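File shown here: upload.tsv, holding TSV, C-alpha atoms and all ligand atoms.
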```tsv
chain	number	residue	atom	x	y	z
A	416	MET	CA	-27.93	-2.40	-1.73
A	417	THR	CA	-28.96	1.00	-2.87
A	418	ILE	CA	-29.26	3.63	-0.15
A	419	LYS	CA	-32.60	5.39	-0.43
A	420	ASN	CA	-32.98	7.36	2.79
A	421	ASP	CA	-31.16	8.89	5.76
A	422	ASN	CA	-31.98	6.01	8.07
A	423	GLU	CA	-30.39	3.43	5.75
A	424	ARG	CA	-27.43	5.71	5.29
A	425	ALA	CA	-26.96	6.14	9.04
A	426	ASN	CA	-27.05	2.36	9.55
A	427	LEU	CA	-24.52	1.84	6.80
A	428	LEU	CA	-22.14	4.44	8.23
A	429	GLU	CA	-22.41	2.94	11.71
A	430	ALA	CA	-21.83	-0.59	10.37
A	431	GLY	CA	-18.71	0.60	8.56
A	432	LYS	CA	-17.37	2.37	11.64
A	433	ARG	CA	-17.80	-0.80	13.69
A	434	LEU	CA	-16.12	-3.00	11.12
A	435	ALA	CA	-13.21	-0.59	10.80
A	436	ALA	CA	-12.78	-0.68	14.59
A	437	VAL	CA	-12.58	-4.49	14.61
A	438	LEU	CA	-10.04	-4.53	11.77
A	439	ALA	CA	-7.94	-1.85	13.51
A	440	ALA	CA	-7.95	-3.91	16.72
A	441	LEU	CA	-7.00	-7.06	14.78
A	442	LYS	CA	-4.15	-5.21	13.08
A	443	LYS	CA	-2.72	-4.32	16.50
A	444	LYS	CA	-2.86	-7.97	17.55
A	445	VAL	CA	-0.88	-9.19	14.55
A	446	ALA	CA	2.59	-10.25	15.74
A	447	PRO	CA	4.94	-13.23	15.53
A	448	GLY	CA	3.60	-16.10	17.65
A	449	VAL	CA	-0.08	-15.17	17.37
A	450	SER	CA	-2.33	-17.92	16.04
A	451	THR	CA	-4.89	-17.45	13.29
A	452	GLU	CA	-7.51	-18.97	15.57
A	453	ASP	CA	-6.83	-16.31	18.23
A	454	LEU	CA	-7.49	-13.62	15.64
A	455	ASP	CA	-10.73	-15.29	14.60
A	456	ASP	CA	-11.93	-15.68	18.20
A	457	PHE	CA	-11.07	-12.06	18.93
A	458	ALA	CA	-12.97	-10.80	15.87
A	459	GLU	CA	-16.06	-12.82	16.65
A	460	GLN	CA	-16.10	-11.71	20.29
A	461	MET	CA	-15.65	-8.03	19.46
A	462	ILE	CA	-18.44	-8.15	16.88
A	463	ARG	CA	-20.84	-9.91	19.26
A	464	ASP	CA	-19.91	-7.62	22.17
A	465	GLY	CA	-21.06	-4.74	19.96
A	466	GLY	CA	-24.42	-6.45	19.46
A	467	ASP	CA	-23.68	-7.28	15.82
A	468	GLU	CA	-23.29	-10.48	13.81
A	469	PRO	CA	-20.34	-11.87	11.89
A	470	CYS	CA	-21.63	-12.51	8.40
A	471	PHE	CA	-19.04	-14.85	6.89
A	472	LEU	CA	-19.64	-17.47	9.62
A	473	GLY	CA	-22.14	-19.99	8.24
A	474	TYR	CA	-22.34	-18.25	4.86
A	475	THR	CA	-22.22	-20.44	1.74
A	476	PRO	CA	-21.00	-18.48	-1.27
A	477	GLU	CA	-22.13	-19.48	-4.74
A	478	GLY	CA	-20.28	-22.62	-5.83
A	479	ALA	CA	-19.09	-23.60	-2.33
A	480	GLN	CA	-19.81	-27.08	-0.97
A	481	ARG	CA	-20.24	-26.11	2.66
A	482	PRO	CA	-20.77	-23.03	4.85
A	483	TYR	CA	-17.72	-20.97	5.76
A	484	PRO	CA	-16.67	-22.09	9.26
A	485	ALA	CA	-15.21	-18.88	10.74
A	486	THR	CA	-15.80	-15.16	11.35
A	487	LEU	CA	-12.60	-14.00	9.74
A	488	CYS	CA	-10.69	-14.98	6.61
A	489	VAL	CA	-6.96	-15.16	7.38
A	490	SER	CA	-4.66	-15.62	4.39
A	491	ILE	CA	-0.90	-15.88	4.93
A	492	ASN	CA	1.79	-15.15	2.29
A	493	ASP	CA	0.88	-17.22	-0.81
A	494	GLU	CA	-2.67	-17.71	0.44
A	495	VAL	CA	-4.62	-15.24	-1.67
A	496	VAL	CA	-8.01	-15.02	0.05
A	497	HIS	CA	-10.49	-17.03	2.17
A	498	GLY	CA	-7.93	-18.78	4.37
A	499	ILE	CA	-9.73	-20.61	7.19
A	500	PRO	CA	-8.29	-19.55	10.57
A	501	ASN	CA	-9.77	-22.17	12.89
A	502	GLU	CA	-9.60	-25.61	11.24
A	503	SER	CA	-5.85	-26.13	11.21
A	504	PRO	CA	-4.71	-22.91	12.90
A	505	LYS	CA	-1.35	-21.47	11.95
A	506	ILE	CA	1.09	-19.39	13.95
A	507	LEU	CA	2.19	-16.09	12.42
A	508	LYS	CA	5.94	-15.73	11.89
A	509	GLU	CA	8.25	-12.73	11.58
A	510	GLY	CA	8.37	-11.64	7.93
A	511	ASP	CA	4.97	-13.09	6.98
A	512	ILE	CA	2.15	-11.03	5.56
A	513	VAL	CA	-1.39	-11.75	6.64
A	514	GLY	CA	-4.64	-10.82	4.91
A	515	LEU	CA	-7.58	-10.20	7.25
A	516	ASP	CA	-10.98	-10.11	5.56
A	517	LEU	CA	-14.10	-9.53	7.62
A	518	GLY	CA	-17.82	-8.99	7.16
A	519	LEU	CA	-20.24	-7.71	9.76
A	520	LYS	CA	-23.98	-7.16	9.94
A	521	HIS	CA	-25.28	-4.18	11.92
A	522	ASN	CA	-29.01	-3.38	12.04
A	523	GLY	CA	-29.53	-5.49	8.94
A	524	VAL	CA	-26.75	-3.84	6.94
A	525	ILE	CA	-23.74	-5.88	5.79
A	526	VAL	CA	-20.32	-4.33	5.25
A	527	ASP	CA	-17.09	-5.98	4.10
A	528	ALA	CA	-13.44	-4.91	4.33
A	529	ALA	CA	-9.95	-6.36	4.26
A	530	ILE	CA	-6.37	-5.37	4.99
A	531	THR	CA	-3.03	-7.11	4.49
A	532	VAL	CA	-0.64	-6.58	7.35
A	533	PRO	CA	3.09	-7.29	7.80
A	534	VAL	CA	4.05	-9.56	10.69
A	535	GLY	CA	7.03	-7.81	12.29
A	536	GLU	CA	9.57	-6.70	9.68
A	537	VAL	CA	9.05	-7.74	6.05
A	538	ASP	CA	11.39	-7.39	3.08
A	539	GLU	CA	11.31	-4.39	0.73
A	540	ALA	CA	9.65	-6.27	-2.15
A	541	THR	CA	6.82	-7.32	0.15
A	542	LYS	CA	6.43	-3.78	1.52
A	543	ASN	CA	6.09	-2.57	-2.05
A	544	LEU	CA	3.45	-5.23	-2.86
A	545	LEU	CA	1.37	-4.02	0.09
A	546	LYS	CA	1.84	-0.35	-0.73
A	547	VAL	CA	0.95	-0.75	-4.40
A	548	THR	CA	-2.12	-2.91	-3.71
A	549	GLU	CA	-3.46	-0.46	-1.14
A	550	ARG	CA	-2.82	2.38	-3.58
A	551	SER	CA	-4.73	0.49	-6.29
A	552	LEU	CA	-7.76	0.39	-4.01
A	553	ALA	CA	-7.56	4.18	-3.64
A	554	ALA	CA	-7.26	4.50	-7.43
A	555	GLY	CA	-10.38	2.36	-7.90
A	556	ILE	CA	-12.32	4.34	-5.31
A	557	ALA	CA	-11.40	7.60	-7.06
A	558	LYS	CA	-13.21	6.33	-10.18
A	559	ALA	CA	-16.37	5.33	-8.28
A	560	ILE	CA	-18.48	8.32	-9.21
A	561	PRO	CA	-21.99	8.51	-10.68
A	562	GLY	CA	-21.95	8.17	-14.46
A	563	ASN	CA	-18.67	6.23	-14.55
A	564	HIS	CA	-18.67	2.52	-15.38
A	565	ILE	CA	-17.49	-0.56	-13.49
A	566	GLY	CA	-14.72	-0.76	-16.10
A	567	ASP	CA	-13.35	2.61	-14.98
A	568	ILE	CA	-12.81	1.23	-11.48
A	569	ALA	CA	-11.44	-2.07	-12.82
A	570	ASN	CA	-9.02	-0.39	-15.17
A	571	ALA	CA	-7.70	2.02	-12.54
A	572	ILE	CA	-6.94	-0.87	-10.18
A	573	GLN	CA	-5.28	-2.92	-12.91
A	574	LYS	CA	-3.08	-0.07	-14.11
A	575	GLU	CA	-1.83	0.70	-10.61
A	576	ILE	CA	-0.91	-2.94	-9.93
A	577	GLU	CA	0.54	-3.86	-13.31
A	578	SER	CA	2.57	-0.68	-13.74
A	579	ALA	CA	4.43	-1.66	-10.57
A	580	GLY	CA	5.25	-5.08	-12.06
A	581	PHE	CA	2.69	-7.07	-10.09
A	582	LYS	CA	-0.24	-9.14	-11.34
A	583	VAL	CA	-4.00	-9.01	-10.80
A	584	VAL	CA	-5.89	-12.17	-9.84
A	585	LYS	CA	-8.62	-12.48	-12.46
A	586	GLU	CA	-10.91	-15.04	-10.82
A	587	LEU	CA	-11.74	-12.85	-7.84
A	588	GLY	CA	-13.02	-9.32	-7.41
A	589	GLY	CA	-15.35	-6.84	-5.79
A	590	HIS	CA	-19.12	-6.88	-5.56
A	591	GLY	CA	-22.25	-5.14	-4.45
A	592	VAL	CA	-22.90	-5.48	-0.72
A	593	GLY	CA	-25.31	-4.28	1.96
A	594	ASP	CA	-28.35	-6.56	1.94
A	595	LEU	CA	-26.28	-9.67	1.19
A	596	VAL	CA	-22.59	-10.58	1.49
A	597	HIS	CA	-22.29	-10.77	-2.30
A	598	GLU	CA	-24.57	-8.87	-4.64
A	599	GLU	CA	-24.45	-7.77	-8.24
A	600	PRO	CA	-22.52	-6.27	-9.86
A	601	PHE	CA	-19.27	-8.25	-9.93
A	602	ILE	CA	-16.36	-5.80	-10.06
A	603	PRO	CA	-13.27	-7.28	-11.73
A	604	ASN	CA	-9.85	-5.85	-10.95
A	605	PHE	CA	-9.03	-5.58	-14.64
A	606	GLY	CA	-10.89	-4.17	-17.60
A	607	ARG	CA	-11.38	-1.25	-19.92
A	608	PRO	CA	-12.68	2.23	-19.11
A	609	GLY	CA	-16.30	2.73	-20.16
A	610	GLU	CA	-17.17	-0.98	-20.00
A	611	GLY	CA	-19.80	-2.56	-17.80
A	612	GLU	CA	-22.60	-1.26	-15.65
A	613	VAL	CA	-23.03	2.46	-15.04
A	614	LEU	CA	-22.48	3.61	-11.43
A	615	GLU	CA	-25.33	5.42	-9.73
A	616	GLU	CA	-25.71	7.50	-6.61
A	617	GLY	CA	-26.67	5.35	-3.62
A	618	MET	CA	-24.93	2.15	-4.74
A	619	VAL	CA	-23.04	0.28	-2.01
A	620	LEU	CA	-20.01	-1.60	-3.33
A	621	ALA	CA	-17.11	-3.57	-1.92
A	622	LEU	CA	-13.96	-2.90	-3.96
A	623	GLU	CA	-11.16	-5.38	-3.40
A	624	PRO	CA	-7.97	-5.51	-5.44
A	625	ILE	CA	-6.12	-8.82	-5.10
A	626	SER	CA	-2.56	-8.87	-6.41
A	627	THR	CA	0.36	-11.26	-6.65
A	628	ALA	CA	4.11	-10.72	-6.70
A	629	GLY	CA	4.57	-13.56	-9.21
A	630	LYS	CA	2.22	-15.08	-11.75
A	631	ALA	CA	-1.52	-14.42	-11.58
A	632	SER	CA	-2.69	-18.06	-11.46
A	633	VAL	CA	-4.42	-19.28	-8.33
A	634	VAL	CA	-5.52	-22.71	-7.12
A	635	LEU	CA	-8.26	-23.65	-4.69
A	636	ALA	CA	-7.13	-25.81	-1.76
A	637	PRO	CA	-8.91	-29.07	-0.80
A	638	ASP	CA	-10.66	-27.21	2.06
A	639	GLY	CA	-12.83	-25.64	-0.63
A	640	TYR	CA	-12.07	-22.06	0.44
A	641	THR	CA	-8.40	-21.17	0.54
A	642	TYR	CA	-7.02	-19.77	-2.69
A	643	ARG	CA	-3.24	-19.87	-3.12
A	644	THR	CA	-0.96	-18.62	-5.83
A	645	LYS	CA	0.04	-21.49	-8.09
A	646	ASP	CA	3.70	-20.44	-8.11
A	647	GLY	CA	3.90	-19.85	-4.34
A	648	SER	CA	4.41	-16.10	-4.72
A	649	ARG	CA	2.96	-13.71	-2.18
A	650	SER	CA	-0.42	-12.09	-2.56
A	651	ALA	CA	-2.01	-8.95	-1.11
A	652	HIS	CA	-5.64	-7.91	-0.66
A	653	PHE	CA	-7.22	-4.64	0.44
A	654	GLU	CA	-10.93	-3.95	0.53
A	655	HIS	CA	-13.32	-1.18	1.47
A	656	THR	CA	-17.07	-0.90	1.37
A	657	ILE	CA	-17.96	2.38	-0.32
A	658	LEU	CA	-21.11	4.39	-0.93
A	659	ILE	CA	-21.44	6.22	-4.22
A	660	GLU	CA	-22.52	9.78	-3.52
A	661	LYS	CA	-23.26	12.67	-5.83
A	662	ASN	CA	-19.68	13.94	-5.92
A	663	GLY	CA	-17.79	10.68	-5.49
A	664	ALA	CA	-17.34	7.70	-3.23
A	665	ARG	CA	-17.51	7.80	0.53
A	666	ILE	CA	-15.39	5.12	2.19
A	667	ILE	CA	-17.68	3.41	4.71
A	668	THR	CA	-15.08	1.16	6.33
A	669	ALA	CA	-12.28	3.73	6.77
B	701	MG	MG	-15.61	-8.78	-0.32
```

Reformat the file's structure so that it appears as structure tokens.
Ligand code: MG
Amino acid sequence: MTIKNDNERANLLEAGKRLAAVLAALKKKVAPGVSTEDLDDFAEQMIRDGGDEPCFLGYTPEGAQRPYPATLCVSINDEVVHGIPNESPKILKEGDIVGLDLGLKHNGVIVDAAITVPVGEVDEATKNLLKVTERSLAAGIAKAIPGNHIGDIANAIQKEIESAGFKVVKELGGHGVGDLVHEEPFIPNFGRPGEGEVLEEGMVLALEPISTAGKASVVLAPDGYTYRTKDGSRSAHFEHTILIEKNGARIITA
């Protein structure tokens, strides 16, 4: 989506505020003993109570064999992204990390964001994985200014993650958003500065670094959605929808 007027901009900002509120409420609910299905039910209810629509539920991404069956993606530990919370629900345990990825449609505008949250106390290495991955998102956002290229964002994310000794998942990345859940351009989390499409004022993008503590390889589970690390190492994922403005990016889902 490209924002062309104040009305579109206002809708986008409101959508982002609502999504951020749902994610913040979900974060508070994360605790040992909570089931992934409870989190999904809660997210769907809160979105509908606000008069909005979940936009992952029933959505069939390119290449998928069936529609996604839930509101929320819940990915635990070595699950990288797109974990299904409500088909064989899992119970969160102390020391786990859980990725919560959510899309919402408000007044026709779609926004997308994700956080990875510790369940109770986690070990130092895991804390560092979360910290570095969140920081890489900030580094990518800092490069999202008019005249820069997609590669500037991609490279900033990659540098932040790899300089800390972690790996970037290459198969997955960010994307345009707003009218649809996934739009052009694809935004890899690795690349070279100056490569790829030029960023322009008004572009709405979802940036989403996805890192691993071990090797970068991922495998798709038989459910057709859940990606896991091949070596069983932990993975983290943070995502914001941003709007490119004249002087830099505005985070819509903060
Ligand atoms: Mg996304």

Return as a Markdown table the residues of chain A lying at most 12 Å from ligand MG 701 (chain B), together with the closest atom-to-atom pair for each and the distance in Å to one decimal, counting all atoms listed in the file, with rows in chain order and ascending residue number.
```
| residue | atom | partner | partner_atom | distance |
| --- | --- | --- | --- | --- |
| A:Cys470 | CA | B:MG701 | MG | 11.2 |
| A:Phe471 | CA | B:MG701 | MG | 10.0 |
| A:Pro476 | CA | B:MG701 | MG | 11.1 |
| A:Leu487 | CA | B:MG701 | MG | 11.7 |
| A:Cys488 | CA | B:MG701 | MG | 10.5 |
| A:Val496 | CA | B:MG701 | MG | 9.8 |
| A:His497 | CA | B:MG701 | MG | 10.0 |
| A:Leu515 | CA | B:MG701 | MG | 11.1 |
| A:Asp516 | CA | B:MG701 | MG | 7.6 |
| A:Leu517 | CA | B:MG701 | MG | 8.1 |
| A:Gly518 | CA | B:MG701 | MG | 7.8 |
| A:Leu519 | CA | B:MG701 | MG | 11.1 |
| A:Ile525 | CA | B:MG701 | MG | 10.6 |
| A:Val526 | CA | B:MG701 | MG | 8.5 |
| A:Asp527 | CA | B:MG701 | MG | 5.4 |
| A:Ala528 | CA | B:MG701 | MG | 6.4 |
| A:Ala529 | CA | B:MG701 | MG | 7.7 |
| A:Ile530 | CA | B:MG701 | MG | 11.2 |
| A:Leu587 | CA | B:MG701 | MG | 9.4 |
| A:Gly588 | CA | B:MG701 | MG | 7.6 |
| A:Gly589 | CA | B:MG701 | MG | 5.8 |
| A:His590 | CA | B:MG701 | MG | 6.6 |
| A:Gly591 | CA | B:MG701 | MG | 8.6 |
| A:Val592 | CA | B:MG701 | MG | 8.0 |
| A:Gly593 | CA | B:MG701 | MG | 10.9 |
| A:Leu595 | CA | B:MG701 | MG | 10.8 |
| A:Val596 | CA | B:MG701 | MG | 7.4 |
| A:His597 | CA | B:MG701 | MG | 7.2 |
| A:Glu598 | CA | B:MG701 | MG | 9.9 |
| A:Glu599 | CA | B:MG701 | MG | 11.9 |
| A:Phe601 | CA | B:MG701 | MG | 10.3 |
| A:Ile602 | CA | B:MG701 | MG | 10.2 |
| A:Pro603 | CA | B:MG701 | MG | 11.7 |
| A:Val619 | CA | B:MG701 | MG | 11.8 |
| A:Leu620 | CA | B:MG701 | MG | 8.9 |
| A:Ala621 | CA | B:MG701 | MG | 5.7 |
| A:Leu622 | CA | B:MG701 | MG | 7.1 |
| A:Glu623 | CA | B:MG701 | MG | 6.4 |
| A:Pro624 | CA | B:MG701 | MG | 9.8 |
| A:Ile625 | CA | B:MG701 | MG | 10.6 |
| A:His652 | CA | B:MG701 | MG | 10.0 |
| A:Phe653 | CA | B:MG701 | MG | 9.4 |
| A:Glu654 | CA | B:MG701 | MG | 6.8 |
| A:His655 | CA | B:MG701 | MG | 8.1 |
| A:Thr656 | CA | B:MG701 | MG | 8.2 |
| A:Ile657 | CA | B:MG701 | MG | 11.4 |
| A:Thr668 | CA | B:MG701 | MG | 12.0 |
```

Got time to write the residues from that selection, C-alpha atoms, as a CSV table (one decimal), in the frame of the given file?
```csv
chain,number,residue,atom,x,y,z
A,470,CYS,CA,-21.6,-12.5,8.4
A,471,PHE,CA,-19.0,-14.8,6.9
A,476,PRO,CA,-21.0,-18.5,-1.3
A,487,LEU,CA,-12.6,-14.0,9.7
A,488,CYS,CA,-10.7,-15.0,6.6
A,496,VAL,CA,-8.0,-15.0,0.0
A,497,HIS,CA,-10.5,-17.0,2.2
A,515,LEU,CA,-7.6,-10.2,7.2
A,516,ASP,CA,-11.0,-10.1,5.6
A,517,LEU,CA,-14.1,-9.5,7.6
A,518,GLY,CA,-17.8,-9.0,7.2
A,519,LEU,CA,-20.2,-7.7,9.8
A,525,ILE,CA,-23.7,-5.9,5.8
A,526,VAL,CA,-20.3,-4.3,5.2
A,527,ASP,CA,-17.1,-6.0,4.1
A,528,ALA,CA,-13.4,-4.9,4.3
A,529,ALA,CA,-10.0,-6.4,4.3
A,530,ILE,CA,-6.4,-5.4,5.0
A,587,LEU,CA,-11.7,-12.8,-7.8
A,588,GLY,CA,-13.0,-9.3,-7.4
A,589,GLY,CA,-15.4,-6.8,-5.8
A,590,HIS,CA,-19.1,-6.9,-5.6
A,591,GLY,CA,-22.2,-5.1,-4.4
A,592,VAL,CA,-22.9,-5.5,-0.7
A,593,GLY,CA,-25.3,-4.3,2.0
A,595,LEU,CA,-26.3,-9.7,1.2
A,596,VAL,CA,-22.6,-10.6,1.5
A,597,HIS,CA,-22.3,-10.8,-2.3
A,598,GLU,CA,-24.6,-8.9,-4.6
A,599,GLU,CA,-24.4,-7.8,-8.2
A,601,PHE,CA,-19.3,-8.2,-9.9
A,602,ILE,CA,-16.4,-5.8,-10.1
A,603,PRO,CA,-13.3,-7.3,-11.7
A,619,VAL,CA,-23.0,0.3,-2.0
A,620,LEU,CA,-20.0,-1.6,-3.3
A,621,ALA,CA,-17.1,-3.6,-1.9
A,622,LEU,CA,-14.0,-2.9,-4.0
A,623,GLU,CA,-11.2,-5.4,-3.4
A,624,PRO,CA,-8.0,-5.5,-5.4
A,625,ILE,CA,-6.1,-8.8,-5.1
A,652,HIS,CA,-5.6,-7.9,-0.7
A,653,PHE,CA,-7.2,-4.6,0.4
A,654,GLU,CA,-10.9,-4.0,0.5
A,655,HIS,CA,-13.3,-1.2,1.5
A,656,THR,CA,-17.1,-0.9,1.4
A,657,ILE,CA,-18.0,2.4,-0.3
A,668,THR,CA,-15.1,1.2,6.3
```

* Asked: At what distance in Å, to one decimal, does atom CA of A:Pro484 lie from atom CA of A:Gly466?
  ->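 Straight-line distance from atom CA of A:Gly466 to atom CA of A:Pro484 works out to 20.2 Å.
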
* **Gap from atom CA of A:Gly523 to atom CA of A:Asp464 - Å, one decimal** =>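 Atom CA of A:Asp464 lies at a distance of 16.5 Å from atom CA of A:Gly523.
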
With 5 Å on each side, where is the centre of the axis-aligned box around all listed atoms of stretch 563-572 of chain A, and how long are its edges in Å to one decimal, as AutoDock Vina command-line options?
```
--center_x -12.8 --center_y 2.1 --center_z -13.1 --size_x 21.7 --size_y 18.3 --size_z 15.9
```

* Asked: When distances are computed from only C-alpha atoms, which of A:Ile462, A:Ile667, A:Val583, A:Met416 shows the smallest separation from A:Leu428?
  ->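 Nearest to A:Leu428: A:Ile667.
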
* To do: Mind checking which residues fall within 12 Å of stretch 502-504 of chain A, counting only C-alpha atoms, ignoring those fewer than 6 positions away in the same chain, and posting them as number ranges by chain?
  => A: 448-456, 483-485, 488-491, 638, 640-641

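You can rank A:Leu434, A:Leu614, A:Val547, A:Ile512 by their closest distance to A:Lys661 using all atoms listed in the file, and at the top of that list sits A:Leu614.
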
* Which value, in Å to one decimal, gives the distance between atom CA of A:Arg665 and atom CA of A:Glu610? -> 22.3 Å

* Asked: Taking only C-alpha atoms into account, which of A:Asn492, A:Asn543, A:Asn522, A:Thr531 comes nearest A:Arg643?
  -> A:Asn492

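Each of A:Leu635, A:Val532, A:Ile576, A:Ala553 was checked against A:Ala479 using only C-alpha atoms; the smallest atom-to-atom distance is that of A:Leu635.
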
* Structure fact -> In terms of all atoms listed in the file, the residue from A:Val513, A:Met618, A:Ala628, A:Ala651 at minimal distance from A:Leu441 is A:Val513

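Between A:Lys542 and the candidates A:Asn426, A:Ser650, A:Gln480, A:Asn662, the tightest atom-to-atom separation, counting all atoms listed in the file, involves A:Ser650.
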
Is it possible to add N, CA and C atoms to stretch 611-637 of chain A and hand it back as an mmCIF file, in the frame of the given file?
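Output (selection.cif):
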```
data_model
loop_
_atom_site.group_PDB
_atom_site.id
_atom_site.type_symbol
_atom_site.label_atom_id
_atom_site.label_comp_id
_atom_site.auth_asym_id
_atom_site.auth_seq_id
_atom_site.Cartn_x
_atom_site.Cartn_y
_atom_site.Cartn_z
ATOM 1 N N GLY A 611 -19.027 -2.057 -18.943
ATOM 2 C CA GLY A 611 -19.800 -2.560 -17.800
ATOM 3 C C GLY A 611 -20.851 -1.586 -17.315
ATOM 4 N N GLU A 612 -21.466 -1.989 -16.219
ATOM 5 C CA GLU A 612 -22.600 -1.260 -15.650
ATOM 6 C C GLU A 612 -22.227 0.194 -15.291
ATOM 7 N N VAL A 613 -23.219 1.063 -15.413
ATOM 8 C CA VAL A 613 -23.030 2.460 -15.040
ATOM 9 C C VAL A 613 -23.239 2.612 -13.523
ATOM 10 N N LEU A 614 -22.390 3.391 -12.883
ATOM 11 C CA LEU A 614 -22.480 3.610 -11.430
ATOM 12 C C LEU A 614 -23.511 4.704 -11.137
ATOM 13 N N GLU A 615 -24.289 4.460 -10.085
ATOM 14 C CA GLU A 615 -25.330 5.420 -9.730
ATOM 15 C C GLU A 615 -25.228 5.806 -8.265
ATOM 16 N N GLU A 616 -25.687 7.000 -7.977
ATOM 17 C CA GLU A 616 -25.710 7.500 -6.610
ATOM 18 C C GLU A 616 -26.508 6.521 -5.730
ATOM 19 N N GLY A 617 -25.976 6.221 -4.562
ATOM 20 C CA GLY A 617 -26.670 5.350 -3.620
ATOM 21 C C GLY A 617 -26.199 3.909 -3.632
ATOM 22 N N MET A 618 -25.421 3.535 -4.667
ATOM 23 C CA MET A 618 -24.930 2.150 -4.740
ATOM 24 C C MET A 618 -23.909 1.890 -3.628
ATOM 25 N N VAL A 619 -24.006 0.704 -3.034
ATOM 26 C CA VAL A 619 -23.040 0.280 -2.010
ATOM 27 C C VAL A 619 -22.217 -0.853 -2.616
ATOM 28 N N LEU A 620 -20.902 -0.652 -2.668
ATOM 29 C CA LEU A 620 -20.010 -1.600 -3.330
ATOM 30 C C LEU A 620 -18.836 -1.953 -2.432
ATOM 31 N N ALA A 621 -18.366 -3.180 -2.563
ATOM 32 C CA ALA A 621 -17.110 -3.570 -1.920
ATOM 33 C C ALA A 621 -16.067 -3.687 -3.033
ATOM 34 N N LEU A 622 -15.061 -2.826 -2.994
ATOM 35 C CA LEU A 622 -13.960 -2.900 -3.960
ATOM 36 C C LEU A 622 -12.814 -3.637 -3.297
ATOM 37 N N GLU A 623 -12.216 -4.594 -4.032
ATOM 38 C CA GLU A 623 -11.160 -5.380 -3.400
ATOM 39 C C GLU A 623 -10.101 -5.874 -4.363
ATOM 40 N N PRO A 624 -9.097 -5.037 -4.641
ATOM 41 C CA PRO A 624 -7.970 -5.510 -5.440
ATOM 42 C C PRO A 624 -7.230 -6.654 -4.764
ATOM 43 N N ILE A 625 -6.867 -7.645 -5.580
ATOM 44 C CA ILE A 625 -6.120 -8.820 -5.100
ATOM 45 C C ILE A 625 -4.961 -9.004 -6.066
ATOM 46 N N SER A 626 -3.750 -8.891 -5.554
ATOM 47 C CA SER A 626 -2.560 -8.870 -6.410
ATOM 48 C C SER A 626 -1.630 -10.016 -6.048
ATOM 49 N N THR A 627 -0.705 -10.295 -6.959
ATOM 50 C CA THR A 627 0.360 -11.260 -6.650
ATOM 51 C C THR A 627 1.706 -10.689 -7.064
ATOM 52 N N ALA A 628 2.745 -11.156 -6.379
ATOM 53 C CA ALA A 628 4.110 -10.720 -6.700
ATOM 54 C C ALA A 628 4.685 -11.548 -7.840
ATOM 55 N N GLY A 629 4.069 -12.697 -8.136
ATOM 56 C CA GLY A 629 4.570 -13.560 -9.210
ATOM 57 C C GLY A 629 3.545 -13.656 -10.322
ATOM 58 N N LYS A 630 3.227 -14.889 -10.705
ATOM 59 C CA LYS A 630 2.220 -15.080 -11.750
ATOM 60 C C LYS A 630 0.818 -14.926 -11.166
ATOM 61 N N ALA A 631 -0.168 -14.726 -12.050
ATOM 62 C CA ALA A 631 -1.520 -14.420 -11.580
ATOM 63 C C ALA A 631 -2.343 -15.660 -11.233
ATOM 64 N N SER A 632 -1.869 -16.855 -11.625
ATOM 65 C CA SER A 632 -2.690 -18.060 -11.460
ATOM 66 C C SER A 632 -2.883 -18.428 -10.001
ATOM 67 N N VAL A 633 -4.116 -18.839 -9.690
ATOM 68 C CA VAL A 633 -4.420 -19.280 -8.330
ATOM 69 C C VAL A 633 -5.037 -20.678 -8.365
ATOM 70 N N VAL A 634 -4.899 -21.387 -7.247
ATOM 71 C CA VAL A 634 -5.520 -22.710 -7.120
ATOM 72 C C VAL A 634 -6.327 -22.742 -5.829
ATOM 73 N N LEU A 635 -7.411 -23.508 -5.864
ATOM 74 C CA LEU A 635 -8.260 -23.650 -4.690
ATOM 75 C C LEU A 635 -7.814 -24.889 -3.909
ATOM 76 N N ALA A 636 -7.595 -24.711 -2.616
ATOM 77 C CA ALA A 636 -7.130 -25.810 -1.760
ATOM 78 C C ALA A 636 -8.260 -26.820 -1.522
ATOM 79 N N PRO A 637 -7.895 -28.038 -1.064
ATOM 80 C CA PRO A 637 -8.910 -29.070 -0.800
ATOM 81 C C PRO A 637 -9.953 -28.655 0.249
#
```
